[in-house]
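*Asks:* Please find one structure pasted underneath; my questions will follow.
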Amino acid sequence: MFCKFCGKEIPDDSVICPSCCRQVAPLKAQAQSTPAQPRAAISPTPNAMILTGFVCAFLAPIVGLIYCILGLLQAQQYRENGQGLAKAGIVISIIMLILSLVLTIITIVNLSTLTALLNVYQYNQSPGYNPYY
Ligand SMILES: [Zn+2]
């Protein structure tokens, strides 16, 4: 390439023109020389507690919630991966808990409604009652 200041031909990868000593390219060498943040201490996979908790979140939300919280604490202590998975597991556990709670309430309400309907039916069927009388 050519220097945009003095017009002389310079190597393509040069940052400072060797002829006029002016900067001809952005300083990228500094960014490259900065080493990537050390990640060796971080284990590549989530710990077993988080994985167990994540699976349990769907099957047994209370167990999953406990495992995910414990796994998240452990992951934070040892700077492990899988903290996102643990948090997702906690959210899923809570959602599943609320869902099962709502389903239980619906079932109870339905049962009481059914019982009430059954009572009315039995009342209607009782010999002393005639709705057309
Ligand atoms: Zn130059």
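Ordering of the structure tokens sets the chain letters (A, B, ...); residue numbers start at 1 within each chain; ligands are numbered from 1 in the order shown.
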Please build the interface table for chain A against ligand 1 with a cut-off of 12 Å, listing for each qualifying residue the nearest atom pair and the distance in Å to one decimal; count only C-alpha atoms and all ligand atoms, order rows by chain and increasing number, and write it as a Markdown table.
*Replies:*
| residue | atom | partner | partner_atom_place_in_ligand_line | distance |
| --- | --- | --- | --- | --- |
| A:Met1 | CA | ligand 1 | 1 (Zn) | 10.8 |
| A:Phe2 | CA | ligand 1 | 1 (Zn) | 7.9 |
| A:Cys3 | CA | ligand 1 | 1 (Zn) | 4.7 |
| A:Lys4 | CA | ligand 1 | 1 (Zn) | 6.6 |
| A:Phe5 | CA | ligand 1 | 1 (Zn) | 5.0 |
| A:Cys6 | CA | ligand 1 | 1 (Zn) | 4.1 |
| A:Gly7 | CA | ligand 1 | 1 (Zn) | 6.1 |
| A:Lys8 | CA | ligand 1 | 1 (Zn) | 6.0 |
| A:Glu9 | CA | ligand 1 | 1 (Zn) | 8.3 |
| A:Ile10 | CA | ligand 1 | 1 (Zn) | 8.0 |
| A:Pro11 | CA | ligand 1 | 1 (Zn) | 11.3 |
| A:Ser14 | CA | ligand 1 | 1 (Zn) | 10.6 |
| A:Val15 | CA | ligand 1 | 1 (Zn) | 10.4 |
| A:Ile16 | CA | ligand 1 | 1 (Zn) | 7.9 |
| A:Cys17 | CA | ligand 1 | 1 (Zn) | 4.6 |
| A:Pro18 | CA | ligand 1 | 1 (Zn) | 6.6 |
| A:Ser19 | CA | ligand 1 | 1 (Zn) | 5.0 |
| A:Cys20 | CA | ligand 1 | 1 (Zn) | 4.1 |
| A:Cys21 | CA | ligand 1 | 1 (Zn) | 6.2 |
| A:Arg22 | CA | ligand 1 | 1 (Zn) | 6.0 |
| A:Gln23 | CA | ligand 1 | 1 (Zn) | 8.2 |
| A:Val24 | CA | ligand 1 | 1 (Zn) | 7.6 |
| A:Ala25 | CA | ligand 1 | 1 (Zn) | 11.3 |
*Asks:* Which residue out of A:Thr115, A:Thr107, A:Gln77, A:Gln83 has the minimum interatomic distance to Gly53 (chain A) when only C-alpha atoms are used?
*Replies:* A:Gln83
*Asks:* Could you pull the residues within 8 Å of region 86-97 of chain A, counting only C-alpha atoms, minus those fewer than 5 positions along the same chain, as a list in words?
*Replies:*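 Once the adjacent positions are removed, what remains is Ile50, Leu51, Gly53, Phe54, Ala57, Phe58, Pro61, Ile62, Gly64, Leu65, Cys68, Ile69, Gly71 and Leu72 of chain A.
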*Asks:* Considering only helix (DSSP H, G or I) as DSSP defines it on the backbone, what residues of chain A qualify? List them as a PDB file with C-alpha atoms, in the first residue's frame.
*Replies:*
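Result written to result-v6.pdb:
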ATOM      1  CA  ALA A  29      -1.199  -4.780  17.429  1.00  0.00           C
ATOM      2  CA  GLN A  30      -1.944  -3.753  21.008  1.00  0.00           C
ATOM      3  CA  ALA A  31      -5.336  -5.463  20.991  1.00  0.00           C
ATOM      4  CA  GLN A  32      -3.812  -8.627  19.576  1.00  0.00           C
ATOM      5  CA  SER A  33      -1.031  -8.756  22.121  1.00  0.00           C
ATOM      6  CA  ALA A  48     -23.812 -32.520  37.900  1.00  0.00           C
ATOM      7  CA  MET A  49     -26.021 -30.778  40.439  1.00  0.00           C
ATOM      8  CA  ILE A  50     -27.191 -28.207  37.873  1.00  0.00           C
ATOM      9  CA  LEU A  51     -27.817 -30.911  35.250  1.00  0.00           C
ATOM     10  CA  THR A  52     -29.788 -32.982  37.774  1.00  0.00           C
ATOM     11  CA  GLY A  53     -31.704 -29.921  38.881  1.00  0.00           C
ATOM     12  CA  PHE A  54     -32.481 -28.906  35.314  1.00  0.00           C
ATOM     13  CA  VAL A  55     -33.910 -32.354  34.509  1.00  0.00           C
ATOM     14  CA  CYS A  56     -35.777 -32.508  37.829  1.00  0.00           C
ATOM     15  CA  ALA A  57     -37.274 -29.064  37.171  1.00  0.00           C
ATOM     16  CA  PHE A  58     -39.654 -30.704  34.690  1.00  0.00           C
ATOM     17  CA  LEU A  59     -40.347 -33.885  36.641  1.00  0.00           C
ATOM     18  CA  PRO A  61     -40.068 -28.961  40.465  1.00  0.00           C
ATOM     19  CA  ILE A  62     -39.327 -28.786  44.207  1.00  0.00           C
ATOM     20  CA  VAL A  63     -36.349 -31.160  43.900  1.00  0.00           C
ATOM     21  CA  GLY A  64     -35.209 -29.374  40.740  1.00  0.00           C
ATOM     22  CA  LEU A  65     -35.404 -25.986  42.436  1.00  0.00           C
ATOM     23  CA  ILE A  66     -33.266 -27.161  45.378  1.00  0.00           C
ATOM     24  CA  TYR A  67     -30.684 -28.809  43.095  1.00  0.00           C
ATOM     25  CA  CYS A  68     -30.497 -25.763  40.812  1.00  0.00           C
ATOM     26  CA  ILE A  69     -29.999 -23.338  43.716  1.00  0.00           C
ATOM     27  CA  LEU A  70     -27.317 -25.549  45.290  1.00  0.00           C
ATOM     28  CA  GLY A  71     -25.689 -26.088  41.893  1.00  0.00           C
ATOM     29  CA  LEU A  72     -25.719 -22.351  41.177  1.00  0.00           C
ATOM     30  CA  LEU A  73     -24.072 -21.599  44.533  1.00  0.00           C
ATOM     31  CA  GLN A  74     -21.453 -24.254  43.838  1.00  0.00           C
ATOM     32  CA  ALA A  75     -20.874 -22.947  40.304  1.00  0.00           C
ATOM     33  CA  GLN A  76     -20.427 -19.405  41.624  1.00  0.00           C
ATOM     34  CA  GLN A  77     -18.048 -20.592  44.342  1.00  0.00           C
ATOM     35  CA  GLN A  83     -24.726 -20.706  35.869  1.00  0.00           C
ATOM     36  CA  GLY A  84     -27.113 -19.706  33.088  1.00  0.00           C
ATOM     37  CA  LEU A  85     -28.460 -23.243  32.960  1.00  0.00           C
ATOM     38  CA  ALA A  86     -28.891 -23.219  36.741  1.00  0.00           C
ATOM     39  CA  LYS A  87     -30.804 -19.938  36.586  1.00  0.00           C
ATOM     40  CA  ALA A  88     -32.952 -21.307  33.753  1.00  0.00           C
ATOM     41  CA  GLY A  89     -33.573 -24.405  35.872  1.00  0.00           C
ATOM     42  CA  ILE A  90     -34.655 -22.236  38.808  1.00  0.00           C
ATOM     43  CA  VAL A  91     -37.072 -20.270  36.588  1.00  0.00           C
ATOM     44  CA  ILE A  92     -38.468 -23.485  35.050  1.00  0.00           C
ATOM     45  CA  SER A  93     -38.857 -25.031  38.519  1.00  0.00           C
ATOM     46  CA  ILE A  94     -40.795 -22.011  39.759  1.00  0.00           C
ATOM     47  CA  ILE A  95     -42.995 -21.990  36.627  1.00  0.00           C
ATOM     48  CA  MET A  96     -43.656 -25.724  36.997  1.00  0.00           C
ATOM     49  CA  LEU A  97     -44.440 -25.229  40.694  1.00  0.00           C
ATOM     50  CA  ILE A  98     -46.941 -22.469  39.905  1.00  0.00           C
ATOM     51  CA  LEU A  99     -48.438 -24.574  37.083  1.00  0.00           C
ATOM     52  CA  SER A 100     -48.858 -27.611  39.317  1.00  0.00           C
ATOM     53  CA  LEU A 101     -50.345 -25.379  42.018  1.00  0.00           C
ATOM     54  CA  VAL A 102     -52.828 -23.914  39.524  1.00  0.00           C
ATOM     55  CA  LEU A 103     -53.665 -27.396  38.220  1.00  0.00           C
ATOM     56  CA  THR A 104     -54.231 -28.600  41.778  1.00  0.00           C
ATOM     57  CA  ILE A 105     -56.530 -25.644  42.489  1.00  0.00           C
ATOM     58  CA  ILE A 106     -58.429 -26.249  39.231  1.00  0.00           C
ATOM     59  CA  THR A 107     -58.792 -29.912  40.116  1.00  0.00           C
ATOM     60  CA  ILE A 108     -60.073 -29.080  43.604  1.00  0.00           C
ATOM     61  CA  VAL A 109     -62.513 -26.504  42.207  1.00  0.00           C
ATOM     62  CA  ASN A 110     -63.679 -28.969  39.564  1.00  0.00           C
ATOM     63  CA  LEU A 111     -64.122 -31.672  42.172  1.00  0.00           C
ATOM     64  CA  SER A 112     -66.189 -29.411  44.400  1.00  0.00           C
ATOM     65  CA  THR A 113     -68.242 -28.297  41.397  1.00  0.00           C
ATOM     66  CA  LEU A 114     -68.747 -31.929  40.451  1.00  0.00           C
ATOM     67  CA  THR A 115     -69.729 -32.807  44.000  1.00  0.00           C
ATOM     68  CA  ALA A 116     -72.181 -29.904  44.053  1.00  0.00           C
ATOM     69  CA  LEU A 117     -73.675 -30.985  40.728  1.00  0.00           C
ATOM     70  CA  LEU A 118     -73.916 -34.546  41.994  1.00  0.00           C
ATOM     71  CA  ASN A 119     -75.707 -33.309  45.128  1.00  0.00           C
ATOM     72  CA  VAL A 120     -78.201 -31.370  43.005  1.00  0.00           C
ATOM     73  CA  TYR A 121     -78.720 -34.421  40.819  1.00  0.00           C
ATOM     74  CA  GLN A 122     -79.292 -36.628  43.843  1.00  0.00           C
ATOM     75  CA  TYR A 123     -81.661 -33.991  45.266  1.00  0.00           C
ATOM     76  CA  ASN A 124     -83.587 -33.962  41.995  1.00  0.00           C
ATOM     77  CA  GLN A 125     -83.768 -37.726  42.064  1.00  0.00           C
TER      78      GLN A 125
END
